[in-house]
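Heads up, the thing below is written out as structure tokens.
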Amino acid sequence: MATQRSRRGPTPPRAGWSGASRVRPRQAAAVRPPTPFVQRYKGWLLLAAVGLLAIAGIVIFAIKFGPSNSGKEQAAGNAPADPAVVAALAGIPQRVYDAVGAGSASNPPSAIAAPALTQDGKPQLLYVGAEYCPYCAAERWALIAALSRFGTFSNLHTARSSASDIYANTPTFTFYGAGYDSPYLSLSAVEQTTSRPDGRGGYTALQSLSADQQAIFNQFNRPPYVSSAGAIPFLDIGGKFVLAGATYNPGLLGGQDWSTIAAQLSNPSSKEAQAIVGSANLITAAICQSTNQQPASVCQTPGVQQAATKLGATK
Amino acid sequence: MTISGWRIPIALGATGAAGVAISIYLTTVHYAKAPLVCSSSGVVNCERVLSSGYSSVFGVPISLGGIVWFAVLAALGLATLLRTPEPLWLQPAQVAWGFLGLLAVIYLIGVEALALGVLCAWCTALHLLIVTALVLTIVRTPRLPAVEPSPAGARRGPLSRGAAQQGR
């Protein structure tokens, strides 16, 4: 077929050529323009793009899931918490708990007469707070320490309280996005706002209370159960105890980073341990009232027993 | 097989327009402190990503950079349509711009995966647009000046008067 076609004569000129440029092929030799760079290296460029993405993916995977992903302090808030800090908080030595007891903590949880608050057949601890709130920032240290005696946290992130409120930039964690697993109790944590101003005098909304949670908040977050109405942080511990506000002064944590605070928790005479460990013992003692003193390895320890004597009477 | 004509420049323009639209949305939400239309729990969490310290540089949201990048991409795509034949520098410029975007994508994915531990759906959409744009700029065939035949025996170099008269 091709042979027959060639016998008919030269191939007609391509459309778009002007008549003046019609030159018989035997008389003309096409000038080959230099191949454009991108056309010449098209394959290499595609390979470079795919290679960059692949290398980046491998590096990210290796860093995220590799064995060396530990011990790096996060400089800014809302980053994954340093596992070493979380481990230090979750692993405060028993001798420290026992030596501190209630420590310097004040404003202990108060007992209430209410139906048991449960979730999945376990006592539930309801936490209501906000990332901007410096008192919540302080209380989370103690709360994480206490809850880590009953279970395990995952995906905790660091955060700071509002930069424009009292006790500005208090270093802390956020329960937003965190997981908690325990055979003894459930955690229901609500962080109502971020610490980012919304331009209207408040902060950007984050999570909302359910209707049941709102009812509990309205009913028990007011005198005589707590000292003032509507304060956060608010805790309802299994329907047996409530707590509003912090159990120590957030100013204690000002100007420190997470690692420094965590390191002080193994020293029972440090101000940080007296406040945070003391508060953790108070919260632990209240939780133990909901878990029927289980586990005994936590609830029957001297530090918890001593703190239990400080819990507020039923109101 | 070659991919030429107006389809890819149009696709580049559309990609740029879509990217500009998403970036404007994210910038508006940033300044208006408005809630995002996005998941706020689990692995996909736009709020966490876009309220983190990584979402802005010296107080300027990086979504503003997205607006600029996609606007330039759209302009480069439309320049392909408006200038026939297209300039020799146009496709290399598009590819270089695409690689610049790719580097930004890699950095931002690293921040999401490593520093924040969550992904932002809107950001991922922008990342996909950038990668798509880069691939399109590489695979397209440029509309360069038509090849001029020269008389037999003519040497390559400056056109002779006769050869020049054959030009259009």
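By convention here, the chains of the structure tokens are called A, B, ... in the order presented, each chain's residues are numbered starting at 1, and ligands are numbered starting at 1 in the order presented.
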
Which of stretch 34-94 of chain B DSSP labels alpha helix (DSSP H), written as a PyMOL selection string: chain B and resi 46-50+62-82+90-94

Contacts of A:Pro115 within 9 Å, only C-alpha atoms, excl. fewer than 5 positions in-chain, as a list of chain:residue names: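 My reading of the contact set: A:Gly238, A:Gly239, A:Lys240.
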
Take the residues from that selection and put them in a file with N, CA and C atoms, as a PDB file, in the first residue's frame.
```pdb
ATOM      1  N   GLY A 238     -18.222  10.498  87.168  1.00  0.00           N
ATOM      2  CA  GLY A 238     -19.137   9.377  87.381  1.00  0.00           C
ATOM      3  C   GLY A 238     -20.449   9.747  88.023  1.00  0.00           C
ATOM      4  N   GLY A 239     -20.801  11.010  88.028  1.00  0.00           N
ATOM      5  CA  GLY A 239     -22.031  11.430  88.693  1.00  0.00           C
ATOM      6  C   GLY A 239     -21.879  11.464  90.200  1.00  0.00           C
ATOM      7  N   LYS A 240     -20.657  11.325  90.695  1.00  0.00           N
ATOM      8  CA  LYS A 240     -20.426  11.285  92.142  1.00  0.00           C
ATOM      9  C   LYS A 240     -19.694  12.538  92.642  1.00  0.00           C
TER      10      LYS A 240
END
```

Atom pair atom CA of A:Asn78 / atom CA of A:Ala159: separation (Å):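 Going from atom CA of A:Asn78 over to atom CA of A:Ala159, I get 4.6 Å.
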
Shell around stretch 86-102 of chain B at 6 Å using only C-alpha atoms, local window under 6 positions removed, as a ChimeraX atom specification: /B:80,134,137,143-144

Contact residues around B:Cys46 with only C-alpha atoms at 10 Å, ignoring same-chain residues under 2 positions, as a VMD selection string: chain B and resid 35 to 41 43 to 44 48 to 52 118 to 124

Shell of 8 Å around stretch 46-52 of chain A, only C-alpha atoms, local chain residues under 3 positions omitted, as a list of chain:residue names: A:Lys42, A:Gly43, A:Ile55, A:Ala56, B:Phe99, B:Leu102, B:Val135, B:Ile138

Write the residues you've just listed into a file as a PDB file, in the first residue's frame, and include N, CA and C atoms for each of them.
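Heads up, here's the output in part.pdb:
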```
ATOM      1  N   LYS A  42      11.199  15.201  28.573  1.00  0.00           N
ATOM      2  CA  LYS A  42       9.868  14.966  29.129  1.00  0.00           C
ATOM      3  C   LYS A  42       9.858  13.788  30.100  1.00  0.00           C
ATOM      4  N   GLY A  43      10.450  12.693  29.649  1.00  0.00           N
ATOM      5  CA  GLY A  43      10.481  11.501  30.492  1.00  0.00           C
ATOM      6  C   GLY A  43      11.232  11.727  31.795  1.00  0.00           C
ATOM      7  N   ILE A  55      10.194   9.877  47.109  1.00  0.00           N
ATOM      8  CA  ILE A  55      11.220  10.040  48.151  1.00  0.00           C
ATOM      9  C   ILE A  55      10.624  10.745  49.370  1.00  0.00           C
ATOM     10  N   ALA A  56       9.837  11.794  49.107  1.00  0.00           N
ATOM     11  CA  ALA A  56       9.208  12.512  50.220  1.00  0.00           C
ATOM     12  C   ALA A  56       8.298  11.575  51.007  1.00  0.00           C
TER      13      ALA A  56
ATOM     14  N   PHE B  99       7.132  22.711  39.397  1.00  0.00           N
ATOM     15  CA  PHE B  99       8.053  22.084  40.345  1.00  0.00           C
ATOM     16  C   PHE B  99       8.131  22.901  41.641  1.00  0.00           C
ATOM     17  N   LEU B 102       5.295  21.826  43.518  1.00  0.00           N
ATOM     18  CA  LEU B 102       5.489  20.472  44.041  1.00  0.00           C
ATOM     19  C   LEU B 102       6.323  20.491  45.321  1.00  0.00           C
ATOM     20  N   VAL B 135       1.994  17.763  35.935  1.00  0.00           N
ATOM     21  CA  VAL B 135       1.989  16.697  34.927  1.00  0.00           C
ATOM     22  C   VAL B 135       1.492  17.235  33.584  1.00  0.00           C
ATOM     23  N   ILE B 138       4.104  19.197  31.730  1.00  0.00           N
ATOM     24  CA  ILE B 138       5.204  18.393  31.181  1.00  0.00           C
ATOM     25  C   ILE B 138       4.764  17.635  29.930  1.00  0.00           C
TER      26      ILE B 138
END
```

B:Pro9, B:Gly77, B:Pro142, B:Gly65 ranked by distance to chain A, top pick (using only C-alpha atoms):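 Once distances to chain A are computed over only C-alpha atoms, the minimum belongs to B:Pro142.
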
Shell of 9 Å around B:Thr132, only C-alpha atoms, local chain residues under 4 positions omitted, as a ChimeraX atom specification: /B:12,15,127-128,136-137

Mind writing the picked residues with all heavy atoms as a PDB file, in the first residue's frame?
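Writing the result to part_35.pdb gives the following:
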```
ATOM      1  N   LEU B  12      -5.236  23.752  32.242  1.00  0.00           N
ATOM      2  CA  LEU B  12      -4.367  24.498  33.170  1.00  0.00           C
ATOM      3  C   LEU B  12      -5.082  25.719  33.720  1.00  0.00           C
ATOM      4  O   LEU B  12      -5.000  26.030  34.917  1.00  0.00           O
ATOM      5  CB  LEU B  12      -3.074  24.914  32.465  1.00  0.00           C
ATOM      6  CG  LEU B  12      -2.034  23.817  32.225  1.00  0.00           C
ATOM      7  CD1 LEU B  12      -0.870  24.356  31.401  1.00  0.00           C
ATOM      8  CD2 LEU B  12      -1.527  23.269  33.542  1.00  0.00           C
ATOM      9  N   THR B  15      -7.621  24.498  36.193  1.00  0.00           N
ATOM     10  CA  THR B  15      -6.953  24.074  37.426  1.00  0.00           C
ATOM     11  C   THR B  15      -6.570  25.296  38.255  1.00  0.00           C
ATOM     12  O   THR B  15      -6.769  25.334  39.477  1.00  0.00           O
ATOM     13  CB  THR B  15      -5.686  23.258  37.097  1.00  0.00           C
ATOM     14  OG1 THR B  15      -6.068  22.136  36.310  1.00  0.00           O
ATOM     15  CG2 THR B  15      -5.003  22.773  38.369  1.00  0.00           C
ATOM     16  N   HIS B 127      -3.271  20.293  46.822  1.00  0.00           N
ATOM     17  CA  HIS B 127      -2.064  19.528  46.481  1.00  0.00           C
ATOM     18  C   HIS B 127      -2.291  18.718  45.202  1.00  0.00           C
ATOM     19  O   HIS B 127      -1.423  18.647  44.325  1.00  0.00           O
ATOM     20  CB  HIS B 127      -1.687  18.590  47.639  1.00  0.00           C
ATOM     21  CG  HIS B 127      -1.373  19.313  48.911  1.00  0.00           C
ATOM     22  ND1 HIS B 127      -1.297  18.692  50.135  1.00  0.00           N
ATOM     23  CD2 HIS B 127      -1.134  20.628  49.145  1.00  0.00           C
ATOM     24  CE1 HIS B 127      -1.001  19.589  51.063  1.00  0.00           C
ATOM     25  NE2 HIS B 127      -0.914  20.760  50.484  1.00  0.00           N
ATOM     26  N   LEU B 128      -3.455  18.101  45.110  1.00  0.00           N
ATOM     27  CA  LEU B 128      -3.756  17.306  43.909  1.00  0.00           C
ATOM     28  C   LEU B 128      -3.810  18.198  42.667  1.00  0.00           C
ATOM     29  O   LEU B 128      -3.348  17.808  41.583  1.00  0.00           O
ATOM     30  CB  LEU B 128      -5.085  16.557  44.093  1.00  0.00           C
ATOM     31  CG  LEU B 128      -5.052  15.407  45.108  1.00  0.00           C
ATOM     32  CD1 LEU B 128      -6.442  14.829  45.316  1.00  0.00           C
ATOM     33  CD2 LEU B 128      -4.097  14.314  44.641  1.00  0.00           C
ATOM     34  N   LEU B 136       0.459  18.042  33.624  1.00  0.00           N
ATOM     35  CA  LEU B 136      -0.087  18.601  32.377  1.00  0.00           C
ATOM     36  C   LEU B 136       0.944  19.468  31.658  1.00  0.00           C
ATOM     37  O   LEU B 136       1.073  19.408  30.430  1.00  0.00           O
ATOM     38  CB  LEU B 136      -1.340  19.435  32.674  1.00  0.00           C
ATOM     39  CG  LEU B 136      -2.588  18.661  33.081  1.00  0.00           C
ATOM     40  CD1 LEU B 136      -3.725  19.628  33.422  1.00  0.00           C
ATOM     41  CD2 LEU B 136      -3.031  17.720  31.971  1.00  0.00           C
ATOM     42  N   THR B 137       1.679  20.256  32.421  1.00  0.00           N
ATOM     43  CA  THR B 137       2.651  21.143  31.771  1.00  0.00           C
ATOM     44  C   THR B 137       3.792  20.343  31.138  1.00  0.00           C
ATOM     45  O   THR B 137       4.361  20.760  30.135  1.00  0.00           O
ATOM     46  CB  THR B 137       3.249  22.150  32.772  1.00  0.00           C
ATOM     47  OG1 THR B 137       3.887  21.431  33.828  1.00  0.00           O
ATOM     48  CG2 THR B 137       2.201  23.064  33.334  1.00  0.00           C
TER      49      THR B 137
END
```

Residue neighbourhood A:Ser154, 10 Å, only C-alpha atoms, exclusion window fewer than 4 positions, as a VMD selection string: chain A and resid 80 to 81 83 86 175 177 to 181

Computed interatomic separation between atom CA of A:Ser186 and atom CA of A:Pro123 (Å): 6.2 Å

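Among the candidate residues A:Ala244, A:Leu253, A:Ala62, A:Cys288, the one lying nearest to chain B is A:Ala62, with distances computed using only C-alpha atoms.
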